[in-house]
Amino acid sequence: MSRQRVGAHVSIADGFPAAVSQIQEYGGNCGQVFVGSPRTWSVSSVDSSDATAFAELQATEDVRPWIVHGTYLINFATPNDDLAEKSVATVQEELNKASKLGIDYYTFHPGAHTGAGVEKGIRNIGSRLSELDIPDGMTVLLENTAGGGTSLGSTFQQLQEMRIRSEIDNDQLGVCIDSCHLYAAGYDFTTTTGLTEMVGEIEQTVGLDAIQYLHLNDSKHPCGSNKDEHQHIGKGQIGTTGFSKLINHDAFTDLPMVLETPVDEKGYAWNISQIQSLYDT
Ligand SMILES: [Zn+2]
Ligand SMILES: [Zn+2]
């Protein structure tokens, strides 16, 4: 039996237990959800029977681990105090909700400095992370970004600086790698040399243990373009060879992976089977 964990980002519109069956229909065995509306500040409340059912299903159906993706409005790097306060409160609420659902991981985009400068932005992220009370058993993962505009976190060096600046125990503060963002940020892991260099850079910065979840998306744009547009696996600039190298590398192969590929005629079932076919047996 394969130990590999591949799933997709699914909706909770029909409740959390339905999200588990959705993953199973796609042929996956782990998943990602939003716990609120991703483009607003609202975090919906969790029905406790729904939460209990979801927590149980994860184990009985063996669909796990789950990861919550934070709302897109969060900005821990901002020089704007109101926005920062709202961001911290929202992440805390989402963390509490994830914990109630028995979810182990939470990831979000660290934010954009919007003119305050890289140094100041990273310091802001560190101090705002320090305000969080991470529930027991949960791990917060900073997602690497494509590096467009003033967004921070497009290099492992920056992600490590954020971890150093925060007072959170680094066991509870790791990294979620998005393959499209990596590639757009200039990491060409599609060649053996490029992949080796990138893994070396990870070892020198956050460390391999920090990487705990992967987002698998192909990229519509070239390496180093800083443009974040996801494409179906193998249909973008990364291609099947690139994914095959990435997911079979010792550093990543045992990690849970979810797809955030476009939702159109191909769908998640197709993308999940693409990934499954690329694993070395
Ligand atoms: Zn993301
Ligand atoms: Zn992502």
# chains A, B, ... in the order shown; residues from 1 in each chain; ligands from 1

call {"tool": "residues_near_ligand", "arguments": {"ligand": "ligand 1", "cutoff": "12 Å", "atoms": "only C-alpha atoms and all ligand atoms", "output": "CSV table (one decimal) with all heavy atoms, in the first residue's frame"}}
result
chain,number,residue,atom,x,y,z
A,9,HIS,N,-7.9,21.0,-2.4
A,9,HIS,CA,-8.6,22.0,-1.7
A,9,HIS,C,-10.1,21.8,-2.0
A,9,HIS,O,-10.5,21.9,-3.1
A,9,HIS,CB,-8.2,23.4,-2.1
A,9,HIS,CG,-8.9,24.5,-1.3
A,9,HIS,ND1,-8.3,25.1,-0.2
A,9,HIS,CD2,-10.1,24.9,-1.4
A,9,HIS,CE1,-9.1,25.9,0.3
A,9,HIS,NE2,-10.3,25.9,-0.4
A,32,GLN,N,-7.5,20.1,2.0
A,32,GLN,CA,-7.4,21.5,2.5
A,32,GLN,C,-8.8,22.2,2.5
A,32,GLN,O,-9.5,21.9,1.5
A,32,GLN,CB,-6.4,22.3,1.7
A,32,GLN,CG,-6.3,23.8,2.1
A,32,GLN,CD,-5.2,24.5,1.3
A,32,GLN,OE1,-4.0,24.5,1.8
A,32,GLN,NE2,-5.5,25.0,0.2
A,33,VAL,N,-9.1,23.0,3.4
A,33,VAL,CA,-10.3,23.8,3.4
A,33,VAL,C,-10.1,25.2,3.9
A,33,VAL,O,-9.1,25.5,4.5
A,33,VAL,CB,-11.4,23.2,4.4
A,33,VAL,CG1,-11.9,21.9,3.8
A,33,VAL,CG2,-10.8,22.9,5.8
A,34,PHE,N,-11.0,26.1,3.6
A,34,PHE,CA,-11.1,27.4,4.2
A,34,PHE,C,-12.1,27.2,5.4
A,34,PHE,O,-13.0,26.4,5.2
A,34,PHE,CB,-11.7,28.4,3.3
A,34,PHE,CG,-10.8,28.8,2.1
A,34,PHE,CD1,-11.3,28.7,0.8
A,34,PHE,CD2,-9.5,29.4,2.3
A,34,PHE,CE1,-10.5,29.1,-0.3
A,34,PHE,CE2,-8.8,29.8,1.2
A,34,PHE,CZ,-9.2,29.7,0.0
A,38,PRO,N,-13.1,33.1,2.1
A,38,PRO,CA,-11.7,33.5,1.9
A,38,PRO,C,-11.4,34.9,1.6
A,38,PRO,O,-10.3,35.4,1.8
A,38,PRO,CB,-11.2,32.6,0.8
A,38,PRO,CG,-12.4,32.1,0.1
A,38,PRO,CD,-13.5,32.1,1.1
A,67,ILE,N,-5.5,20.4,6.3
A,67,ILE,CA,-4.8,21.7,6.5
A,67,ILE,C,-5.9,22.8,6.2
A,67,ILE,O,-6.7,22.7,5.3
A,67,ILE,CB,-3.6,21.9,5.6
A,67,ILE,CG1,-2.8,23.2,5.9
A,67,ILE,CG2,-3.9,21.7,4.1
A,67,ILE,CD1,-1.4,23.2,5.3
A,68,VAL,N,-5.9,23.9,7.1
A,68,VAL,CA,-6.7,25.0,6.8
A,68,VAL,C,-5.9,26.1,6.1
A,68,VAL,O,-4.8,26.3,6.5
A,68,VAL,CB,-7.3,25.6,8.2
A,68,VAL,CG1,-7.9,27.0,8.0
A,68,VAL,CG2,-8.3,24.6,8.7
A,69,HIS,N,-6.5,26.7,5.1
A,69,HIS,CA,-5.8,27.8,4.4
A,69,HIS,C,-6.5,29.1,5.0
A,69,HIS,O,-7.7,29.2,4.9
A,69,HIS,CB,-6.0,27.7,2.9
A,69,HIS,CG,-5.1,28.7,2.2
A,69,HIS,ND1,-5.1,30.1,2.3
A,69,HIS,CD2,-4.1,28.5,1.3
A,69,HIS,CE1,-4.2,30.6,1.6
A,69,HIS,NE2,-3.6,29.7,0.9
A,70,GLY,N,-5.7,30.0,5.5
A,70,GLY,CA,-6.2,31.3,6.0
A,70,GLY,C,-6.8,32.2,4.9
A,70,GLY,O,-6.5,32.0,3.8
A,71,THR,N,-7.6,33.1,5.4
A,71,THR,CA,-8.2,34.0,4.4
A,71,THR,C,-7.1,34.9,3.7
A,71,THR,O,-6.1,35.1,4.3
A,71,THR,CB,-9.3,34.9,5.1
A,71,THR,OG1,-9.6,36.0,4.3
A,71,THR,CG2,-8.8,35.5,6.4
A,72,TYR,N,-7.5,35.3,2.5
A,72,TYR,CA,-6.5,36.0,1.7
A,72,TYR,C,-6.3,37.5,2.2
A,72,TYR,O,-5.3,38.1,1.8
A,72,TYR,CB,-6.9,36.1,0.2
A,72,TYR,CG,-6.9,34.8,-0.5
A,72,TYR,CD1,-8.0,34.2,-1.0
A,72,TYR,CD2,-5.7,34.1,-0.5
A,72,TYR,CE1,-8.0,33.0,-1.7
A,72,TYR,CE2,-5.6,32.8,-1.2
A,72,TYR,CZ,-6.8,32.3,-1.7
A,72,TYR,OH,-6.7,31.1,-2.3
A,73,LEU,N,-7.2,38.0,3.1
A,73,LEU,CA,-7.0,39.3,3.5
A,73,LEU,C,-5.9,39.5,4.6
A,73,LEU,O,-5.5,40.6,4.8
A,73,LEU,CB,-8.4,39.8,4.1
A,73,LEU,CG,-9.5,39.8,3.1
A,73,LEU,CD1,-10.8,40.3,3.8
A,73,LEU,CD2,-9.3,40.6,1.9
A,74,ILE,N,-5.5,38.4,5.2
A,74,ILE,CA,-4.5,38.5,6.3
A,74,ILE,C,-3.2,39.1,5.8
A,74,ILE,O,-2.7,38.8,4.7
A,74,ILE,CB,-4.2,37.1,6.8
A,74,ILE,CG1,-5.4,36.4,7.4
A,74,ILE,CG2,-3.0,37.1,7.8
A,74,ILE,CD1,-5.3,34.9,7.5
A,106,TYR,N,-2.3,24.7,9.8
A,106,TYR,CA,-2.9,25.9,9.3
A,106,TYR,C,-1.8,26.7,8.5
A,106,TYR,O,-0.7,26.8,9.0
A,106,TYR,CB,-3.3,26.8,10.5
A,106,TYR,CG,-3.8,28.1,10.2
A,106,TYR,CD1,-5.2,28.3,9.9
A,106,TYR,CD2,-3.0,29.3,10.1
A,106,TYR,CE1,-5.7,29.6,9.6
A,106,TYR,CE2,-3.5,30.5,9.7
A,106,TYR,CZ,-4.9,30.6,9.5
A,106,TYR,OH,-5.4,31.9,9.1
A,107,THR,N,-2.2,27.1,7.3
A,107,THR,CA,-1.2,27.9,6.5
A,107,THR,C,-1.8,29.2,6.0
A,107,THR,O,-3.0,29.3,5.8
A,107,THR,CB,-0.7,27.0,5.3
A,107,THR,OG1,0.4,27.7,4.7
A,107,THR,CG2,-1.7,26.8,4.2
A,108,PHE,N,-0.9,30.2,5.9
A,108,PHE,CA,-1.4,31.4,5.3
A,108,PHE,C,-0.2,32.2,4.7
A,108,PHE,O,1.0,31.8,4.9
A,108,PHE,CB,-2.0,32.3,6.4
A,108,PHE,CG,-1.1,32.9,7.4
A,108,PHE,CD1,-0.8,34.2,7.5
A,108,PHE,CD2,-0.4,32.0,8.3
A,108,PHE,CE1,0.1,34.8,8.4
A,108,PHE,CE2,0.5,32.6,9.3
A,108,PHE,CZ,0.7,33.9,9.3
A,109,HIS,N,-0.5,33.2,3.8
A,109,HIS,CA,0.5,34.0,3.2
A,109,HIS,C,0.9,35.0,4.2
A,109,HIS,O,0.1,35.8,4.6
A,109,HIS,CB,-0.1,34.6,1.9
A,109,HIS,CG,-0.7,33.6,0.9
A,109,HIS,ND1,-1.3,34.0,-0.2
A,109,HIS,CD2,-0.8,32.3,1.0
A,109,HIS,CE1,-1.7,32.9,-0.9
A,109,HIS,NE2,-1.4,31.9,-0.2
A,110,PRO,N,2.2,35.1,4.5
A,110,PRO,CA,2.7,36.0,5.5
A,110,PRO,C,2.3,37.5,5.3
A,110,PRO,O,2.1,38.3,6.3
A,110,PRO,CB,4.2,35.9,5.6
A,110,PRO,CG,4.5,34.7,4.7
A,110,PRO,CD,3.3,34.4,3.9
A,111,GLY,N,2.2,38.0,4.1
A,111,GLY,CA,1.8,39.3,3.8
A,111,GLY,C,2.7,40.2,3.0
A,111,GLY,O,3.8,39.7,2.6
A,141,LEU,N,1.9,27.0,9.4
A,141,LEU,CA,2.9,26.9,8.3
A,141,LEU,C,2.9,28.1,7.5
A,141,LEU,O,1.8,28.5,7.0
A,141,LEU,CB,2.6,25.6,7.4
A,141,LEU,CG,2.5,24.3,8.1
A,141,LEU,CD1,2.1,23.2,7.1
A,141,LEU,CD2,3.8,23.9,8.8
A,142,LEU,N,4.0,28.8,7.4
A,142,LEU,CA,4.1,30.0,6.5
A,142,LEU,C,4.2,29.5,5.1
A,142,LEU,O,5.0,28.6,4.8
A,142,LEU,CB,5.3,30.8,6.9
A,142,LEU,CG,5.5,31.3,8.3
A,142,LEU,CD1,6.9,31.8,8.6
A,142,LEU,CD2,4.4,32.4,8.6
A,143,GLU,N,3.3,30.0,4.2
A,143,GLU,CA,3.4,29.6,2.8
A,143,GLU,C,4.3,30.5,2.0
A,143,GLU,O,4.3,31.7,2.1
A,143,GLU,CB,2.0,29.6,2.1
A,143,GLU,CG,2.0,29.1,0.7
A,143,GLU,CD,0.6,28.9,0.0
A,143,GLU,OE1,-0.4,29.1,0.7
A,143,GLU,OE2,0.6,28.7,-1.2
A,144,ASN,N,5.2,29.8,1.3
A,144,ASN,CA,6.1,30.6,0.4
A,144,ASN,C,5.3,31.3,-0.7
A,144,ASN,O,4.3,30.8,-1.1
A,144,ASN,CB,7.2,29.7,-0.2
A,144,ASN,CG,6.6,28.8,-1.3
A,144,ASN,OD1,5.7,28.0,-1.0
A,144,ASN,ND2,7.1,28.8,-2.5
A,145,THR,N,5.7,32.5,-1.1
A,145,THR,CA,5.0,33.2,-2.1
A,145,THR,C,5.7,33.4,-3.4
A,145,THR,O,6.9,33.1,-3.5
A,145,THR,CB,4.7,34.6,-1.5
A,145,THR,OG1,5.9,35.3,-1.4
A,145,THR,CG2,3.9,34.6,-0.2
A,146,ALA,N,5.0,33.8,-4.4
A,146,ALA,CA,5.6,34.0,-5.8
A,146,ALA,C,6.4,35.2,-5.8
A,146,ALA,O,7.2,35.4,-6.8
A,146,ALA,CB,4.5,34.1,-6.8
A,153,GLY,N,8.2,36.5,1.7
A,153,GLY,CA,8.2,35.0,1.9
A,153,GLY,C,8.4,34.3,0.6
A,153,GLY,O,8.1,33.1,0.5
A,175,VAL,N,6.8,25.5,7.5
A,175,VAL,CA,6.6,26.1,6.2
A,175,VAL,C,5.8,25.1,5.3
A,175,VAL,O,5.9,23.9,5.4
A,175,VAL,CB,8.0,26.3,5.5
A,175,VAL,CG1,7.9,26.6,4.0
A,175,VAL,CG2,8.8,27.3,6.2
A,176,CYS,N,4.9,25.7,4.5
A,176,CYS,CA,4.1,25.0,3.5
A,176,CYS,C,4.7,25.5,2.1
A,176,CYS,O,4.7,26.6,1.9
A,176,CYS,CB,2.6,25.3,3.6
A,176,CYS,SG,1.6,24.7,2.3
A,177,ILE,N,5.1,24.5,1.3
A,177,ILE,CA,5.7,24.9,0.0
A,177,ILE,C,4.6,24.8,-1.1
A,177,ILE,O,4.0,23.8,-1.2
A,177,ILE,CB,6.8,23.9,-0.3
A,177,ILE,CG1,8.1,24.2,0.5
A,177,ILE,CG2,7.1,24.0,-1.8
A,177,ILE,CD1,9.3,23.4,0.0
A,178,ASP,N,4.5,25.8,-1.8
A,178,ASP,CA,3.6,25.8,-3.0
A,178,ASP,C,4.5,25.8,-4.2
A,178,ASP,O,5.4,26.6,-4.5
A,178,ASP,CB,2.8,27.1,-3.0
A,178,ASP,CG,1.8,27.1,-4.2
A,178,ASP,OD1,2.2,26.9,-5.3
A,178,ASP,OD2,0.6,27.3,-3.9
A,179,SER,N,4.4,24.7,-5.1
A,179,SER,CA,5.3,24.5,-6.2
A,179,SER,C,5.2,25.6,-7.2
A,179,SER,O,6.2,26.0,-7.8
A,179,SER,CB,5.0,23.1,-6.9
A,179,SER,OG,3.6,23.1,-7.3
A,180,CYS,N,4.0,26.1,-7.5
A,180,CYS,CA,3.8,27.2,-8.4
A,180,CYS,C,4.5,28.5,-7.9
A,180,CYS,O,5.2,29.1,-8.7
A,180,CYS,CB,2.3,27.5,-8.7
A,180,CYS,SG,2.0,29.0,-9.6
A,181,HIS,N,4.3,28.8,-6.6
A,181,HIS,CA,5.0,29.9,-6.1
A,181,HIS,C,6.5,29.8,-6.1
A,181,HIS,O,7.2,30.8,-6.4
A,181,HIS,CB,4.5,30.2,-4.6
A,181,HIS,CG,3.1,30.4,-4.5
A,181,HIS,ND1,2.4,30.5,-3.3
A,181,HIS,CD2,2.1,30.5,-5.4
A,181,HIS,CE1,1.1,30.6,-3.5
A,181,HIS,NE2,0.9,30.6,-4.8
A,182,LEU,N,7.0,28.6,-5.8
A,182,LEU,CA,8.5,28.4,-5.8
A,182,LEU,C,9.0,28.7,-7.2
A,182,LEU,O,10.0,29.4,-7.3
A,182,LEU,CB,8.8,26.9,-5.6
A,182,LEU,CG,9.0,26.2,-4.3
A,182,LEU,CD1,9.4,24.8,-4.5
A,182,LEU,CD2,10.0,27.0,-3.5
A,213,TYR,N,4.1,20.4,4.6
A,213,TYR,CA,2.9,20.2,3.7
A,213,TYR,C,3.3,20.8,2.4
A,213,TYR,O,4.1,21.8,2.3
A,213,TYR,CB,1.7,20.9,4.3
A,213,TYR,CG,0.4,20.1,4.2
A,213,TYR,CD1,-0.2,19.5,5.3
A,213,TYR,CD2,-0.2,19.8,2.9
A,213,TYR,CE1,-1.4,18.8,5.2
A,213,TYR,CE2,-1.3,19.1,2.8
A,213,TYR,CZ,-1.9,18.6,3.9
A,213,TYR,OH,-3.1,17.8,3.8
A,214,LEU,N,2.7,20.3,1.3
A,214,LEU,CA,3.0,20.8,0.0
A,214,LEU,C,1.7,21.2,-0.7
A,214,LEU,O,0.7,20.5,-0.6
A,214,LEU,CB,3.7,19.8,-0.9
A,214,LEU,CG,5.3,19.9,-1.1
A,214,LEU,CD1,6.0,19.8,0.3
A,214,LEU,CD2,5.8,18.9,-2.0
A,215,HIS,N,1.8,22.3,-1.5
A,215,HIS,CA,0.7,22.6,-2.4
A,215,HIS,C,1.2,22.3,-3.8
A,215,HIS,O,2.3,22.9,-4.2
A,215,HIS,CB,0.3,24.1,-2.4
A,215,HIS,CG,-0.4,24.6,-1.2
A,215,HIS,ND1,-0.6,25.9,-0.8
A,215,HIS,CD2,-1.1,23.8,-0.2
A,215,HIS,CE1,-1.3,26.0,0.3
A,215,HIS,NE2,-1.6,24.8,0.7
A,216,LEU,N,0.6,21.5,-4.5
A,216,LEU,CA,1.0,21.1,-5.9
A,216,LEU,C,0.2,21.8,-6.9
A,216,LEU,O,-1.0,21.5,-7.1
A,216,LEU,CB,1.0,19.6,-6.1
A,216,LEU,CG,1.9,18.7,-5.2
A,216,LEU,CD1,1.7,17.3,-5.5
A,216,LEU,CD2,3.3,19.1,-5.3
A,217,ASN,N,0.8,22.7,-7.7
A,217,ASN,CA,0.2,23.4,-8.8
A,217,ASN,C,1.2,23.6,-9.8
A,217,ASN,O,2.4,24.0,-9.5
A,217,ASN,CB,-0.3,24.8,-8.3
A,217,ASN,CG,-1.2,24.7,-7.0
A,217,ASN,OD1,-2.2,24.1,-7.1
A,217,ASN,ND2,-0.7,25.3,-5.9
A,228,ASP,N,1.7,34.6,-10.0
A,228,ASP,CA,1.1,33.5,-9.4
A,228,ASP,C,-0.2,33.1,-10.1
A,228,ASP,O,-1.2,33.6,-9.8
A,228,ASP,CB,0.8,33.9,-7.9
A,228,ASP,CG,0.1,32.8,-7.1
A,228,ASP,OD1,0.0,31.7,-7.6
A,228,ASP,OD2,-0.4,33.1,-6.0
A,229,GLU,N,-0.1,32.2,-11.1
A,229,GLU,CA,-1.3,31.7,-11.7
A,229,GLU,C,-1.1,30.2,-11.8
A,229,GLU,O,-0.2,29.7,-12.5
A,229,GLU,CB,-1.5,32.3,-13.1
A,229,GLU,CG,-2.6,33.3,-13.2
A,229,GLU,CD,-2.9,33.7,-14.6
A,229,GLU,OE1,-2.1,34.4,-15.2
A,229,GLU,OE2,-4.0,33.3,-15.1
A,230,HIS,N,-2.0,29.5,-11.2
A,230,HIS,CA,-1.9,28.0,-11.1
A,230,HIS,C,-2.4,27.3,-12.4
A,230,HIS,O,-3.3,27.9,-13.1
A,230,HIS,CB,-2.7,27.4,-9.9
A,230,HIS,CG,-2.3,28.0,-8.6
A,230,HIS,ND1,-2.9,27.6,-7.4
A,230,HIS,CD2,-1.3,28.8,-8.3
A,230,HIS,CE1,-2.2,28.2,-6.4
A,230,HIS,NE2,-1.3,29.0,-6.9
A,258,VAL,N,-1.5,18.7,-1.3
A,258,VAL,CA,-2.8,19.0,-1.9
A,258,VAL,C,-2.7,19.9,-3.1
A,258,VAL,O,-1.8,20.7,-3.3
A,258,VAL,CB,-3.8,19.8,-0.8
A,258,VAL,CG1,-4.3,18.8,0.2
A,258,VAL,CG2,-3.1,21.0,-0.3
A,259,LEU,N,-3.7,19.7,-4.0
A,259,LEU,CA,-3.8,20.4,-5.2
A,259,LEU,C,-4.6,21.7,-5.1
A,259,LEU,O,-5.7,21.6,-4.4
A,259,LEU,CB,-4.3,19.5,-6.3
A,259,LEU,CG,-3.4,18.4,-6.7
A,259,LEU,CD1,-4.2,17.1,-7.0
A,259,LEU,CD2,-2.5,18.8,-7.8
A,260,GLU,N,-4.2,22.7,-5.7
A,260,GLU,CA,-5.0,24.0,-5.8
A,260,GLU,C,-5.1,24.4,-7.3
A,260,GLU,O,-5.0,25.5,-7.6
A,260,GLU,CB,-4.4,25.1,-5.0
A,260,GLU,CG,-4.2,24.8,-3.5
A,260,GLU,CD,-3.3,25.9,-2.9
A,260,GLU,OE1,-2.3,26.3,-3.5
A,260,GLU,OE2,-3.7,26.3,-1.8
A,261,THR,N,-5.3,23.4,-8.1
A,261,THR,CA,-5.3,23.6,-9.6
A,261,THR,C,-6.6,24.2,-10.0
A,261,THR,O,-7.6,24.2,-9.2
A,261,THR,CB,-5.1,22.2,-10.3
A,261,THR,OG1,-5.9,21.2,-9.6
A,261,THR,CG2,-3.6,21.8,-10.2

call {"tool": "residues_around", "arguments": {"residues": "segment 159-161 of chain A", "least_positions_apart": "5", "cutoff": "12 Å", "atoms": "only C-alpha atoms", "output": "MDAnalysis selection string"}}
result
chainID A and resid 109:111 118:127 141:145 151:154 166:167 170 173:177 201:208 210:211

call {"tool": "write_last_selection", "arguments": {"atoms": "C-alpha atoms", "output": "PDB file, in the first residue's frame"}}
result
ATOM      1  CA  HIS A 109       0.498  33.955   3.161  1.00  0.00           C
ATOM      2  CA  PRO A 110       2.652  36.046   5.534  1.00  0.00           C
ATOM      3  CA  GLY A 111       1.788  39.342   3.833  1.00  0.00           C
ATOM      4  CA  VAL A 118      11.515  44.197   3.617  1.00  0.00           C
ATOM      5  CA  GLU A 119      13.259  44.483   7.015  1.00  0.00           C
ATOM      6  CA  LYS A 120      10.351  46.240   8.699  1.00  0.00           C
ATOM      7  CA  GLY A 121       7.854  43.899   7.062  1.00  0.00           C
ATOM      8  CA  ILE A 122       9.641  40.816   8.370  1.00  0.00           C
ATOM      9  CA  ARG A 123       9.888  42.334  11.864  1.00  0.00           C
ATOM     10  CA  ASN A 124       6.141  43.037  11.752  1.00  0.00           C
ATOM     11  CA  ILE A 125       5.421  39.443  10.763  1.00  0.00           C
ATOM     12  CA  GLY A 126       7.566  38.163  13.631  1.00  0.00           C
ATOM     13  CA  SER A 127       5.876  40.299  16.274  1.00  0.00           C
ATOM     14  CA  LEU A 141       2.916  26.866   8.334  1.00  0.00           C
ATOM     15  CA  LEU A 142       4.073  29.987   6.515  1.00  0.00           C
ATOM     16  CA  GLU A 143       3.362  29.563   2.797  1.00  0.00           C
ATOM     17  CA  ASN A 144       6.111  30.593   0.401  1.00  0.00           C
ATOM     18  CA  THR A 145       4.961  33.222  -2.085  1.00  0.00           C
ATOM     19  CA  SER A 151       4.757  40.342  -0.789  1.00  0.00           C
ATOM     20  CA  LEU A 152       7.237  38.662   1.541  1.00  0.00           C
ATOM     21  CA  GLY A 153       8.191  35.002   1.884  1.00  0.00           C
ATOM     22  CA  SER A 154       9.368  34.222  -1.649  1.00  0.00           C
ATOM     23  CA  SER A 166       8.737  35.376  16.216  1.00  0.00           C
ATOM     24  CA  GLU A 167       8.629  34.090  19.781  1.00  0.00           C
ATOM     25  CA  ASN A 170       9.790  26.750  15.851  1.00  0.00           C
ATOM     26  CA  LEU A 173       5.951  27.259  13.117  1.00  0.00           C
ATOM     27  CA  GLY A 174       6.948  25.556   9.889  1.00  0.00           C
ATOM     28  CA  VAL A 175       6.632  26.060   6.153  1.00  0.00           C
ATOM     29  CA  CYS A 176       4.137  24.964   3.495  1.00  0.00           C
ATOM     30  CA  ILE A 177       5.693  24.869   0.026  1.00  0.00           C
ATOM     31  CA  GLU A 201      19.180  26.264   0.467  1.00  0.00           C
ATOM     32  CA  ILE A 202      16.350  24.808   2.558  1.00  0.00           C
ATOM     33  CA  GLU A 203      18.887  22.950   4.716  1.00  0.00           C
ATOM     34  CA  GLN A 204      20.833  26.170   5.244  1.00  0.00           C
ATOM     35  CA  THR A 205      17.762  28.197   6.237  1.00  0.00           C
ATOM     36  CA  VAL A 206      14.488  26.767   7.601  1.00  0.00           C
ATOM     37  CA  GLY A 207      15.790  23.174   7.643  1.00  0.00           C
ATOM     38  CA  LEU A 208      14.054  20.216   6.009  1.00  0.00           C
ATOM     39  CA  ALA A 210      10.235  22.758   8.830  1.00  0.00           C
ATOM     40  CA  ILE A 211       8.621  21.732   5.545  1.00  0.00           C
TER      41      ILE A 211
END

call {"tool": "residues_around", "arguments": {"residues": "Ala53 of chain A", "least_positions_apart": "2", "cutoff": "12 Å", "atoms": "only C-alpha atoms", "output": "list in words"}}
result
Gly15, Phe16, Pro17, Ala18, Ala19, Val20, Val46, Asp47, Ser48, Ser49, Asp50, Ala51, Ala55, Glu56, Leu57, Gln58, Ala59, Thr60, Glu61, Lys100, Leu101 and Gly102 of chain A

call {"tool": "residues_around", "arguments": {"residues": "Ile247 of chain A", "least_positions_apart": "6", "cutoff": "9 Å", "atoms": "only C-alpha atoms", "output": "list in words"}}
result
Thr253, Asp254, Leu255, Met257, Ile275, Leu278, Tyr279 and Asp280 of chain A

call {"tool": "write_last_selection", "arguments": {"atoms": "C-alpha atoms", "output": "short mmCIF file (atom, residue, chain, number, x, y, z; two decimals), in the first residue's frame"}}
result
data_model
loop_
_atom_site.label_atom_id
_atom_site.label_comp_id
_atom_site.auth_asym_id
_atom_site.auth_seq_id
_atom_site.Cartn_x
_atom_site.Cartn_y
_atom_site.Cartn_z
CA THR A 253 8.05 12.36 -0.91
CA ASP A 254 6.53 11.42 2.48
CA LEU A 255 4.84 14.80 2.98
CA MET A 257 0.31 17.24 -0.71
CA ILE A 275 0.33 13.06 -9.37
CA LEU A 278 4.25 10.23 -11.19
CA TYR A 279 5.29 8.61 -7.90
CA ASP A 280 8.13 6.14 -8.26
#

call {"tool": "closest_residue", "arguments": {"among": "A:Gln24, A:Ser130, A:Ser45, A:Ser11", "to": "Val88 of chain A", "atoms": "only C-alpha atoms"}}
result
A:Ser130

call {"tool": "closest_residue", "arguments": {"among": "A:Met138, A:Ala98, A:Ala184, A:Leu246", "to": "Asp171 of chain A", "atoms": "only C-alpha atoms"}}
result
A:Met138

call {"tool": "residues_around", "arguments": {"residues": "Gly186 of chain A", "least_positions_apart": "6", "cutoff": "9 Å", "atoms": "only C-alpha atoms", "output": "ChimeraX atom specification"}}
result
/A:146,154,222-226

call {"tool": "closest_residue", "arguments": {"among": "A:Asp209, A:Asp104, A:Asp82, A:Asp218", "to": "ligand 2", "atoms": "only C-alpha atoms and all ligand atoms"}}
result
A:Asp218

call {"tool": "select_by_dssp", "arguments": {"residues": "segment 19-259 of chain A", "states": "strand (DSSP E)", "output": "ChimeraX atom specification"}}
result
/A:31-33,66-69,105-108,139-143,173-178,211-216,218-219,230-231,257-259

call {"tool": "closest_residue", "arguments": {"among": "A:Asp188, A:Asp81, A:Ile238, A:Ser219", "to": "ligand 2", "atoms": "only C-alpha atoms and all ligand atoms"}}
result
A:Ser219

call {"tool": "residues_around", "arguments": {"residues": "Gln276 of chain A", "least_positions_apart": "5", "cutoff": "9 Å", "atoms": "only C-alpha atoms", "output": "VMD selection string"}}
result
chain A and resid 4 6 271

call {"tool": "write_last_selection", "arguments": {"atoms": "N, CA, C and O atoms", "output": "mmCIF file, in the first residue's frame"}}
result
data_model
loop_
_atom_site.group_PDB
_atom_site.id
_atom_site.type_symbol
_atom_site.label_atom_id
_atom_site.label_comp_id
_atom_site.auth_asym_id
_atom_site.auth_seq_id
_atom_site.Cartn_x
_atom_site.Cartn_y
_atom_site.Cartn_z
ATOM 1 N N GLN A 4 1.708 7.395 0.299
ATOM 2 C CA GLN A 4 1.596 8.761 -0.184
ATOM 3 C C GLN A 4 0.257 9.405 0.124
ATOM 4 O O GLN A 4 -0.780 8.761 0.066
ATOM 5 N N VAL A 6 -2.097 12.403 -1.033
ATOM 6 C CA VAL A 6 -2.400 13.421 -2.039
ATOM 7 C C VAL A 6 -3.883 13.756 -1.945
ATOM 8 O O VAL A 6 -4.722 12.865 -1.839
ATOM 9 N N ASN A 271 -6.230 15.669 -11.788
ATOM 10 C CA ASN A 271 -4.937 16.141 -11.280
ATOM 11 C C ASN A 271 -4.352 15.197 -10.219
ATOM 12 O O ASN A 271 -3.150 14.965 -10.188
#

call {"tool": "select_by_dssp", "arguments": {"residues": "segment 70-173 of chain A", "states": "helix (DSSP H, G or I)", "output": "ChimeraX atom specification"}}
result
/A:81-100,118-130,156-165,170-172

call {"tool": "closest_residue", "arguments": {"among": "A:Gly200, A:Gly194, A:Pro256, A:Pro262", "to": "Gly28 of chain A", "atoms": "only C-alpha atoms"}}
result
A:Pro256

call {"tool": "closest_residue", "arguments": {"among": "A:Asp62, A:Gly147, A:Arg5, A:Ser244", "to": "Tyr187 of chain A", "atoms": "only C-alpha atoms"}}
result
A:Gly147

call {"tool": "residues_around", "arguments": {"residues": "Arg64 of chain A", "least_positions_apart": "4", "cutoff": "7 Å", "atoms": "only C-alpha atoms", "output": "list in words"}}
result
Asn29, Cys30, Gly31 and Gln58 of chain A

call {"tool": "write_last_selection", "arguments": {"atoms": "C-alpha atoms", "output": "mmCIF file, in the first residue's frame"}}
result
data_model
loop_
_atom_site.group_PDB
_atom_site.id
_atom_site.type_symbol
_atom_site.label_atom_id
_atom_site.label_comp_id
_atom_site.auth_asym_id
_atom_site.auth_seq_id
_atom_site.Cartn_x
_atom_site.Cartn_y
_atom_site.Cartn_z
ATOM 1 C CA ASN A 29 -6.629 10.831 0.983
ATOM 2 C CA CYS A 30 -5.917 14.256 2.548
ATOM 3 C CA GLY A 31 -7.339 17.749 2.075
ATOM 4 C CA GLN A 58 -10.617 11.617 9.409
#

call {"tool": "atom_distance", "arguments": {"atom1": "atom CA of Pro79 of chain A", "atom2": "atom CA of Ala185 of chain A"}}
result
23.7 Å
